[in-house]
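File shown: start_33.txt. Contents: compact mmCIF, N, CA and C atoms.
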```
# COMPACT_ATOMS: atom_id res chain seq x y z
N MET A 21 63.58 181.60 73.50
CA MET A 21 62.74 181.49 74.68
C MET A 21 63.65 181.26 75.87
N THR A 22 63.40 182.01 76.92
CA THR A 22 64.20 181.81 78.13
C THR A 22 63.65 180.62 78.90
N ASP A 23 64.51 180.01 79.67
CA ASP A 23 64.10 178.82 80.43
C ASP A 23 63.62 179.21 81.82
N THR A 24 62.47 179.86 81.89
CA THR A 24 61.88 180.13 83.19
C THR A 24 60.72 179.19 83.37
N HIS A 25 60.29 179.04 84.60
CA HIS A 25 59.18 178.13 84.89
C HIS A 25 57.87 178.64 84.28
N GLU A 26 57.85 179.90 83.84
CA GLU A 26 56.62 180.46 83.29
C GLU A 26 56.50 180.28 81.79
N ASP A 27 57.58 180.00 81.10
CA ASP A 27 57.52 179.87 79.66
C ASP A 27 56.94 178.51 79.27
N LEU A 28 55.76 178.55 78.68
CA LEU A 28 55.07 177.32 78.31
C LEU A 28 54.79 177.33 76.81
N THR A 29 54.96 176.18 76.18
CA THR A 29 54.64 176.06 74.76
C THR A 29 53.14 175.86 74.60
N ILE A 30 52.66 176.00 73.39
CA ILE A 30 51.24 175.79 73.13
C ILE A 30 50.85 174.34 73.43
N GLY A 31 51.77 173.41 73.18
CA GLY A 31 51.51 172.00 73.50
C GLY A 31 51.38 171.76 74.99
N GLN A 32 52.22 172.42 75.77
CA GLN A 32 52.14 172.29 77.23
C GLN A 32 50.83 172.87 77.76
N VAL A 33 50.43 174.00 77.20
CA VAL A 33 49.17 174.62 77.61
C VAL A 33 48.00 173.72 77.23
N ALA A 34 48.06 173.14 76.04
CA ALA A 34 47.01 172.22 75.60
C ALA A 34 46.91 171.04 76.56
N THR A 35 48.04 170.48 76.95
CA THR A 35 48.05 169.35 77.88
C THR A 35 47.48 169.75 79.24
N ARG A 36 47.89 170.90 79.73
CA ARG A 36 47.45 171.33 81.07
C ARG A 36 46.00 171.74 81.13
N THR A 37 45.47 172.27 80.03
CA THR A 37 44.08 172.73 80.05
C THR A 37 43.10 171.72 79.47
N GLY A 38 43.61 170.80 78.66
CA GLY A 38 42.72 169.87 77.97
C GLY A 38 42.15 170.45 76.69
N LEU A 39 42.53 171.67 76.35
CA LEU A 39 42.08 172.29 75.11
C LEU A 39 43.00 171.86 73.98
N SER A 40 42.46 171.77 72.79
CA SER A 40 43.31 171.43 71.64
C SER A 40 44.14 172.65 71.24
N ILE A 41 45.19 172.40 70.52
CA ILE A 41 46.03 173.49 70.00
C ILE A 41 45.20 174.39 69.10
N ASP A 42 44.35 173.80 68.28
CA ASP A 42 43.47 174.60 67.42
C ASP A 42 42.56 175.50 68.24
N THR A 43 42.02 174.99 69.34
CA THR A 43 41.14 175.79 70.20
C THR A 43 41.92 176.93 70.84
N LEU A 44 43.14 176.67 71.28
CA LEU A 44 43.97 177.73 71.85
C LEU A 44 44.22 178.84 70.83
N ARG A 45 44.52 178.45 69.61
CA ARG A 45 44.73 179.45 68.55
C ARG A 45 43.44 180.21 68.27
N PHE A 46 42.32 179.49 68.26
CA PHE A 46 41.01 180.12 68.04
C PHE A 46 40.73 181.14 69.15
N TYR A 47 40.95 180.74 70.40
CA TYR A 47 40.70 181.65 71.53
C TYR A 47 41.57 182.90 71.41
N GLU A 48 42.80 182.73 70.97
CA GLU A 48 43.68 183.89 70.80
C GLU A 48 43.14 184.80 69.69
N ARG A 49 42.76 184.23 68.56
CA ARG A 49 42.19 185.02 67.44
C ARG A 49 40.92 185.74 67.85
N GLU A 50 40.10 185.07 68.68
CA GLU A 50 38.81 185.62 69.09
C GLU A 50 38.92 186.64 70.23
N GLY A 51 40.12 186.86 70.73
CA GLY A 51 40.30 187.83 71.79
C GLY A 51 39.84 187.34 73.15
N ILE A 52 39.93 186.04 73.38
CA ILE A 52 39.47 185.45 74.63
C ILE A 52 40.53 185.54 75.73
N LEU A 53 41.77 185.69 75.36
CA LEU A 53 42.83 185.74 76.36
C LEU A 53 42.96 187.16 76.90
N ALA A 54 43.01 187.27 78.23
CA ALA A 54 43.07 188.59 78.86
C ALA A 54 44.39 189.30 78.59
N ASN A 55 45.46 188.53 78.46
CA ASN A 55 46.78 189.10 78.17
C ASN A 55 47.29 188.51 76.87
N PRO A 56 47.97 189.32 76.08
CA PRO A 56 48.48 188.80 74.81
C PRO A 56 49.51 187.69 75.02
N VAL A 57 49.57 186.80 74.07
CA VAL A 57 50.57 185.74 74.09
C VAL A 57 51.79 186.29 73.35
N ARG A 58 52.92 186.25 74.03
CA ARG A 58 54.11 186.75 73.36
C ARG A 58 54.69 185.68 72.46
N ARG A 59 55.59 186.08 71.61
CA ARG A 59 56.25 185.16 70.68
C ARG A 59 57.74 185.14 70.98
N ASN A 60 58.35 183.99 70.81
CA ASN A 60 59.80 183.91 70.99
C ASN A 60 60.49 184.33 69.69
N SER A 61 61.80 184.24 69.66
CA SER A 61 62.56 184.69 68.49
C SER A 61 62.23 183.88 67.24
N ALA A 62 61.74 182.66 67.43
CA ALA A 62 61.35 181.82 66.28
C ALA A 62 59.90 182.05 65.87
N GLY A 63 59.21 182.96 66.57
CA GLY A 63 57.82 183.25 66.23
C GLY A 63 56.81 182.32 66.88
N ARG A 64 57.28 181.44 67.76
CA ARG A 64 56.36 180.51 68.43
C ARG A 64 55.74 181.18 69.65
N ARG A 65 54.49 180.78 69.93
CA ARG A 65 53.78 181.32 71.08
C ARG A 65 54.45 180.89 72.38
N VAL A 66 54.49 181.83 73.32
CA VAL A 66 55.03 181.55 74.64
C VAL A 66 53.97 181.97 75.66
N TYR A 67 53.48 181.00 76.38
CA TYR A 67 52.44 181.23 77.37
C TYR A 67 53.05 181.30 78.76
N ALA A 68 52.26 181.83 79.70
CA ALA A 68 52.67 181.92 81.09
C ALA A 68 51.56 181.33 81.96
N GLU A 69 51.84 181.17 83.24
CA GLU A 69 50.87 180.60 84.17
C GLU A 69 49.56 181.40 84.19
N HIS A 70 49.64 182.72 84.07
CA HIS A 70 48.42 183.51 84.11
C HIS A 70 47.49 183.18 82.93
N HIS A 71 48.06 182.75 81.80
CA HIS A 71 47.22 182.31 80.68
C HIS A 71 46.44 181.06 81.06
N ILE A 72 47.09 180.14 81.75
CA ILE A 72 46.43 178.90 82.17
C ILE A 72 45.27 179.23 83.11
N ALA A 73 45.51 180.10 84.08
CA ALA A 73 44.46 180.47 85.03
C ALA A 73 43.28 181.10 84.30
N TRP A 74 43.56 181.99 83.36
CA TRP A 74 42.48 182.65 82.61
C TRP A 74 41.74 181.63 81.74
N LEU A 75 42.48 180.77 81.07
CA LEU A 75 41.84 179.75 80.22
C LEU A 75 40.96 178.82 81.05
N ASN A 76 41.41 178.46 82.24
CA ASN A 76 40.59 177.60 83.11
C ASN A 76 39.27 178.29 83.45
N MET A 77 39.32 179.59 83.74
CA MET A 77 38.09 180.31 84.03
C MET A 77 37.19 180.35 82.78
N CYS A 78 37.80 180.62 81.64
CA CYS A 78 37.02 180.67 80.39
C CYS A 78 36.40 179.32 80.07
N MET A 79 37.11 178.24 80.38
CA MET A 79 36.56 176.90 80.14
C MET A 79 35.35 176.66 81.03
N ILE A 80 35.39 177.16 82.24
CA ILE A 80 34.23 177.02 83.14
C ILE A 80 33.06 177.83 82.60
N LEU A 81 33.33 179.05 82.18
CA LEU A 81 32.26 179.88 81.61
C LEU A 81 31.69 179.22 80.36
N ARG A 82 32.56 178.73 79.49
CA ARG A 82 32.11 178.09 78.24
C ARG A 82 31.36 176.80 78.55
N GLY A 83 31.89 176.01 79.47
CA GLY A 83 31.26 174.75 79.84
C GLY A 83 29.90 174.93 80.48
N SER A 84 29.69 176.09 81.07
CA SER A 84 28.40 176.38 81.69
C SER A 84 27.44 177.05 80.71
N GLY A 85 27.86 177.14 79.45
CA GLY A 85 26.96 177.63 78.42
C GLY A 85 27.12 179.09 78.03
N MET A 86 28.11 179.79 78.55
CA MET A 86 28.29 181.18 78.15
C MET A 86 28.81 181.21 76.71
N PRO A 87 28.15 181.98 75.85
CA PRO A 87 28.60 182.04 74.45
C PRO A 87 29.96 182.75 74.32
N ILE A 88 30.70 182.40 73.28
CA ILE A 88 32.01 183.00 73.01
C ILE A 88 31.92 184.53 72.97
N PRO A 89 30.92 185.14 72.29
CA PRO A 89 30.88 186.61 72.28
C PRO A 89 30.76 187.22 73.68
N ALA A 90 30.04 186.56 74.58
CA ALA A 90 29.92 187.07 75.95
C ALA A 90 31.24 186.93 76.69
N ILE A 91 31.94 185.82 76.47
CA ILE A 91 33.25 185.64 77.10
C ILE A 91 34.22 186.69 76.56
N ARG A 92 34.16 186.94 75.25
CA ARG A 92 35.02 187.96 74.65
C ARG A 92 34.74 189.33 75.27
N HIS A 93 33.46 189.66 75.41
CA HIS A 93 33.09 190.95 76.00
C HIS A 93 33.59 191.04 77.44
N TYR A 94 33.40 189.99 78.21
CA TYR A 94 33.90 189.95 79.58
C TYR A 94 35.42 190.15 79.60
N THR A 95 36.11 189.47 78.68
CA THR A 95 37.57 189.59 78.58
C THR A 95 37.99 191.02 78.25
N GLU A 96 37.28 191.63 77.32
CA GLU A 96 37.59 193.02 76.95
C GLU A 96 37.45 193.95 78.16
N LEU A 97 36.39 193.72 78.92
CA LEU A 97 36.19 194.53 80.12
C LEU A 97 37.29 194.29 81.15
N ALA A 98 37.67 193.04 81.32
CA ALA A 98 38.75 192.71 82.26
C ALA A 98 40.05 193.37 81.82
N ARG A 99 40.30 193.34 80.52
CA ARG A 99 41.49 193.99 79.98
C ARG A 99 41.46 195.49 80.23
N ALA A 100 40.28 196.09 80.13
CA ALA A 100 40.14 197.53 80.35
C ALA A 100 40.41 197.89 81.80
N GLY A 101 40.18 196.93 82.70
CA GLY A 101 40.55 197.12 84.09
C GLY A 101 39.55 197.91 84.92
N GLU A 102 40.10 198.70 85.80
CA GLU A 102 39.31 199.44 86.77
C GLU A 102 38.23 200.29 86.09
N GLY A 103 37.06 200.29 86.73
CA GLY A 103 35.94 201.05 86.20
C GLY A 103 34.95 200.20 85.41
N THR A 104 35.30 198.93 85.17
CA THR A 104 34.41 198.03 84.42
C THR A 104 33.78 196.96 85.31
N GLU A 105 34.01 197.08 86.60
CA GLU A 105 33.55 196.04 87.53
C GLU A 105 32.05 195.84 87.50
N ARG A 106 31.28 196.94 87.44
CA ARG A 106 29.82 196.82 87.43
C ARG A 106 29.34 196.05 86.20
N GLU A 107 29.93 196.34 85.07
CA GLU A 107 29.51 195.65 83.84
C GLU A 107 29.93 194.18 83.86
N ARG A 108 31.11 193.91 84.39
CA ARG A 108 31.54 192.50 84.53
C ARG A 108 30.62 191.76 85.48
N LEU A 109 30.25 192.41 86.58
CA LEU A 109 29.33 191.81 87.54
C LEU A 109 27.98 191.53 86.88
N ALA A 110 27.50 192.47 86.07
CA ALA A 110 26.21 192.28 85.38
C ALA A 110 26.26 191.08 84.44
N ILE A 111 27.37 190.92 83.72
CA ILE A 111 27.52 189.78 82.81
C ILE A 111 27.48 188.48 83.61
N LEU A 112 28.20 188.44 84.71
CA LEU A 112 28.24 187.22 85.52
C LEU A 112 26.89 186.94 86.19
N ARG A 113 26.22 187.97 86.67
CA ARG A 113 24.90 187.76 87.29
C ARG A 113 23.89 187.24 86.26
N GLU A 114 23.92 187.80 85.07
CA GLU A 114 22.99 187.34 84.02
C GLU A 114 23.26 185.88 83.69
N HIS A 115 24.53 185.53 83.58
CA HIS A 115 24.87 184.14 83.28
C HIS A 115 24.49 183.22 84.44
N GLN A 116 24.72 183.68 85.65
CA GLN A 116 24.33 182.92 86.84
C GLN A 116 22.83 182.64 86.82
N SER A 117 22.05 183.63 86.45
CA SER A 117 20.60 183.48 86.38
C SER A 117 20.20 182.45 85.32
N ARG A 118 20.87 182.49 84.16
CA ARG A 118 20.58 181.49 83.11
C ARG A 118 20.91 180.08 83.58
N ILE A 119 22.03 179.94 84.29
CA ILE A 119 22.42 178.63 84.80
C ILE A 119 21.40 178.13 85.83
N ALA A 120 20.97 179.02 86.72
CA ALA A 120 19.99 178.62 87.75
C ALA A 120 18.68 178.16 87.09
N ALA A 121 18.24 178.86 86.05
CA ALA A 121 17.02 178.45 85.34
C ALA A 121 17.23 177.09 84.68
N ARG A 122 18.41 176.90 84.09
CA ARG A 122 18.70 175.62 83.43
C ARG A 122 18.74 174.49 84.45
N ILE A 123 19.30 174.76 85.62
CA ILE A 123 19.34 173.74 86.69
C ILE A 123 17.91 173.40 87.12
N GLY A 124 17.05 174.40 87.22
CA GLY A 124 15.65 174.15 87.57
C GLY A 124 14.98 173.24 86.55
N ARG A 125 15.21 173.51 85.27
CA ARG A 125 14.64 172.64 84.22
C ARG A 125 15.22 171.24 84.31
N LEU A 126 16.52 171.14 84.60
CA LEU A 126 17.14 169.82 84.72
C LEU A 126 16.57 169.05 85.92
N HIS A 127 16.27 169.74 87.01
CA HIS A 127 15.64 169.07 88.16
C HIS A 127 14.27 168.52 87.77
N GLU A 128 13.50 169.28 86.97
CA GLU A 128 12.21 168.78 86.49
C GLU A 128 12.41 167.54 85.65
N CYS A 129 13.41 167.55 84.78
CA CYS A 129 13.72 166.38 83.96
C CYS A 129 14.11 165.19 84.83
N LEU A 130 14.94 165.47 85.82
CA LEU A 130 15.38 164.41 86.72
C LEU A 130 14.21 163.81 87.49
N ASP A 131 13.27 164.64 87.92
CA ASP A 131 12.09 164.15 88.62
C ASP A 131 11.27 163.22 87.72
N LEU A 132 11.06 163.63 86.48
CA LEU A 132 10.29 162.80 85.55
C LEU A 132 11.00 161.48 85.29
N ILE A 133 12.30 161.55 85.06
CA ILE A 133 13.06 160.32 84.80
C ILE A 133 13.04 159.43 86.04
N GLY A 134 13.17 160.02 87.22
CA GLY A 134 13.08 159.24 88.46
C GLY A 134 11.75 158.54 88.58
N TYR A 135 10.68 159.25 88.22
CA TYR A 135 9.35 158.65 88.25
C TYR A 135 9.29 157.46 87.30
N LYS A 136 9.78 157.65 86.06
CA LYS A 136 9.74 156.57 85.07
C LYS A 136 10.60 155.39 85.50
N VAL A 137 11.75 155.64 86.12
CA VAL A 137 12.58 154.55 86.63
C VAL A 137 11.79 153.75 87.66
N GLY A 138 11.09 154.44 88.55
CA GLY A 138 10.26 153.76 89.55
C GLY A 138 9.18 152.92 88.91
N VAL A 139 8.55 153.44 87.85
CA VAL A 139 7.51 152.68 87.15
C VAL A 139 8.10 151.39 86.58
N TYR A 140 9.25 151.49 85.93
CA TYR A 140 9.87 150.31 85.35
C TYR A 140 10.33 149.34 86.43
N GLU A 141 10.91 149.85 87.51
CA GLU A 141 11.35 148.97 88.60
C GLU A 141 10.16 148.23 89.21
N ASP A 142 9.05 148.95 89.44
CA ASP A 142 7.84 148.31 89.98
C ASP A 142 7.33 147.25 89.01
N TYR A 143 7.27 147.59 87.74
CA TYR A 143 6.78 146.66 86.72
C TYR A 143 7.62 145.38 86.71
N LEU A 144 8.94 145.56 86.69
CA LEU A 144 9.82 144.39 86.64
C LEU A 144 9.73 143.58 87.93
N ALA A 145 9.64 144.23 89.07
CA ALA A 145 9.53 143.52 90.35
C ALA A 145 8.23 142.71 90.39
N GLU A 146 7.15 143.31 89.94
CA GLU A 146 5.87 142.60 89.95
C GLU A 146 5.83 141.49 88.92
N SER A 147 6.43 141.72 87.74
CA SER A 147 6.40 140.67 86.72
C SER A 147 7.30 139.51 87.12
N GLU A 148 8.41 139.78 87.81
CA GLU A 148 9.28 138.71 88.29
C GLU A 148 8.62 137.94 89.43
N ALA A 149 7.74 138.61 90.18
CA ALA A 149 7.03 137.95 91.29
C ALA A 149 5.81 137.19 90.78
N GLY A 150 5.57 137.29 89.49
CA GLY A 150 4.45 136.58 88.92
C GLY A 150 3.15 137.35 88.96
N THR A 151 3.16 138.58 89.40
CA THR A 151 1.97 139.42 89.41
C THR A 151 1.83 140.05 88.04
N GLU A 152 0.65 139.92 87.46
CA GLU A 152 0.44 140.48 86.13
C GLU A 152 -0.09 141.89 86.24
N ILE A 153 0.49 142.78 85.48
CA ILE A 153 0.04 144.16 85.43
C ILE A 153 -0.79 144.32 84.17
N GLU A 154 -1.95 144.90 84.33
CA GLU A 154 -2.84 145.10 83.19
C GLU A 154 -2.27 146.16 82.26
N ALA A 155 -2.05 145.77 81.01
CA ALA A 155 -1.55 146.71 80.01
C ALA A 155 -2.60 147.78 79.78
N GLY A 156 -2.15 148.99 79.58
CA GLY A 156 -3.07 150.07 79.28
C GLY A 156 -3.55 150.83 80.51
N THR A 157 -3.09 150.44 81.68
CA THR A 157 -3.48 151.20 82.87
C THR A 157 -2.41 152.22 83.17
N GLU A 158 -2.75 153.16 84.02
CA GLU A 158 -1.79 154.21 84.38
C GLU A 158 -0.50 153.61 84.93
N THR A 159 -0.60 152.49 85.63
CA THR A 159 0.61 151.89 86.21
C THR A 159 1.29 150.96 85.23
N GLY A 160 0.67 150.69 84.09
CA GLY A 160 1.28 149.83 83.09
C GLY A 160 2.52 150.48 82.50
N ILE A 161 3.41 149.65 82.03
CA ILE A 161 4.71 150.13 81.57
C ILE A 161 4.63 150.88 80.25
N GLY A 162 3.69 150.55 79.40
CA GLY A 162 3.68 151.15 78.07
C GLY A 162 2.87 152.42 77.95
N ILE A 163 2.28 152.88 79.02
CA ILE A 163 1.38 154.04 78.92
C ILE A 163 2.12 155.32 79.25
N GLU A 164 2.05 156.23 78.38
CA GLU A 164 2.56 157.57 78.61
C GLU A 164 1.36 158.49 78.73
N PRO A 165 1.48 159.55 79.49
CA PRO A 165 0.34 160.47 79.59
C PRO A 165 -0.02 161.02 78.21
N ALA A 166 -1.31 161.14 77.98
CA ALA A 166 -1.76 161.68 76.70
C ALA A 166 -1.46 163.18 76.65
N PRO A 167 -1.08 163.68 75.49
CA PRO A 167 -0.81 165.11 75.38
C PRO A 167 -2.12 165.90 75.55
N PRO A 168 -2.03 167.10 76.12
CA PRO A 168 -3.26 167.88 76.29
C PRO A 168 -3.87 168.23 74.95
N THR A 169 -5.18 168.21 74.92
CA THR A 169 -5.86 168.56 73.69
C THR A 169 -6.01 170.08 73.61
N PRO A 170 -5.84 170.62 72.41
CA PRO A 170 -5.91 172.09 72.28
C PRO A 170 -7.30 172.65 72.52
```
Please, can you express the file's structure as structure tokens?
Amino acid sequence: MTDTHEDLTIGQVATRTGLSIDTLRFYEREGILANPVRRNSAGRRVYAEHHIAWLNMCMILRGSGMPIPAIRHYTELARAGEGTERERLAILREHQSRIAARIGRLHECLDLIGYKVGVYEDYLAESEAGTEIEAGTETGIGIEPAPPTP
């Protein structure tokens, strides 16, 4: 291995990306890396800065819920280069749409949890002030809305 600033060991890449060595090997086997990892004379993997940049993007895609097969497909298209931009854009737009829908559902969850936090805060404030809250009322702490009947 030559001593250039670009030659990185698998351990260095693991440290810089936060991915485990096993995950890096898995990503390589699965075709997730846009450029092949070269090997030195001892057969050890030698990474470059462009691998780190690509892995960081893949980690964002993976962290946002994109499945490995979709990342692999995106990678294959990127590797193919010019002429695949429309398909890469379609993959990203579809994923963007899934994320936006998930964020919408999370906002609904956050609203409900915020409501419940308010109920508990009110209950505790009133009970500490000596005001008794009637159990079994809508404002009571133990009441959850009844499920709709079929």
Can you check which parts of range 69-116 of chain A lie within 12 Å of range 51-57 of chain A? Per residue, the shortest pair of atoms and distance in Å to one decimal, counting only C-alpha atoms, sorted by chain and number, as JSON lines.
```
{"residue": "A:Glu69", "atom": "CA", "partner": "A:Asn55", "partner_atom": "CA", "distance": 11.2}
{"residue": "A:His70", "atom": "CA", "partner": "A:Asn55", "partner_atom": "CA", "distance": 8.3}
{"residue": "A:His71", "atom": "CA", "partner": "A:Leu53", "partner_atom": "CA", "distance": 7.0}
{"residue": "A:Ile72", "atom": "CA", "partner": "A:Leu53", "partner_atom": "CA", "distance": 9.7}
{"residue": "A:Ala73", "atom": "CA", "partner": "A:Leu53", "partner_atom": "CA", "distance": 10.3}
{"residue": "A:Trp74", "atom": "CA", "partner": "A:Leu53", "partner_atom": "CA", "distance": 7.0}
{"residue": "A:Leu75", "atom": "CA", "partner": "A:Leu53", "partner_atom": "CA", "distance": 7.2}
{"residue": "A:Asn76", "atom": "CA", "partner": "A:Leu53", "partner_atom": "CA", "distance": 10.8}
{"residue": "A:Met77", "atom": "CA", "partner": "A:Leu53", "partner_atom": "CA", "distance": 10.5}
{"residue": "A:Cys78", "atom": "CA", "partner": "A:Ile52", "partner_atom": "CA", "distance": 7.9}
{"residue": "A:Met79", "atom": "CA", "partner": "A:Ile52", "partner_atom": "CA", "distance": 10.6}
{"residue": "A:Leu81", "atom": "CA", "partner": "A:Ile52", "partner_atom": "CA", "distance": 11.5}
{"residue": "A:Arg82", "atom": "CA", "partner": "A:Ile52", "partner_atom": "CA", "distance": 11.0}
{"residue": "A:Pro87", "atom": "CA", "partner": "A:Ile52", "partner_atom": "CA", "distance": 11.4}
{"residue": "A:Ile88", "atom": "CA", "partner": "A:Ile52", "partner_atom": "CA", "distance": 8.0}
{"residue": "A:Pro89", "atom": "CA", "partner": "A:Ile52", "partner_atom": "CA", "distance": 9.0}
{"residue": "A:Ala90", "atom": "CA", "partner": "A:Ile52", "partner_atom": "CA", "distance": 9.8}
{"residue": "A:Ile91", "atom": "CA", "partner": "A:Ile52", "partner_atom": "CA", "distance": 6.7}
{"residue": "A:Arg92", "atom": "CA", "partner": "A:Ile52", "partner_atom": "CA", "distance": 5.1}
{"residue": "A:His93", "atom": "CA", "partner": "A:Ile52", "partner_atom": "CA", "distance": 8.5}
{"residue": "A:Tyr94", "atom": "CA", "partner": "A:Ile52", "partner_atom": "CA", "distance": 8.7}
{"residue": "A:Thr95", "atom": "CA", "partner": "A:Ala54", "partner_atom": "CA", "distance": 5.6}
{"residue": "A:Glu96", "atom": "CA", "partner": "A:Ala54", "partner_atom": "CA", "distance": 7.3}
{"residue": "A:Leu97", "atom": "CA", "partner": "A:Ala54", "partner_atom": "CA", "distance": 9.2}
{"residue": "A:Ala98", "atom": "CA", "partner": "A:Ala54", "partner_atom": "CA", "distance": 6.9}
{"residue": "A:Arg99", "atom": "CA", "partner": "A:Ala54", "partner_atom": "CA", "distance": 5.7}
{"residue": "A:Ala100", "atom": "CA", "partner": "A:Ala54", "partner_atom": "CA", "distance": 9.5}
{"residue": "A:Gly101", "atom": "CA", "partner": "A:Ala54", "partner_atom": "CA", "distance": 10.3}
```
Given the choices A:Glu48, A:Glu105, A:Asp142, A:Asp27, which gets closest to Tyr67 in chain A if the distance is worked out from only N, CA and C atoms?
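Using only N, CA and C atoms, the shortest distance to Tyr67 in chain A belongs to A:Asp27.
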Which distance in Å separates atom C of Ala62 in chain A and atom C of Thr37 in chain A, to one decimal?
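Distance between the two atoms: 24.0 Å.
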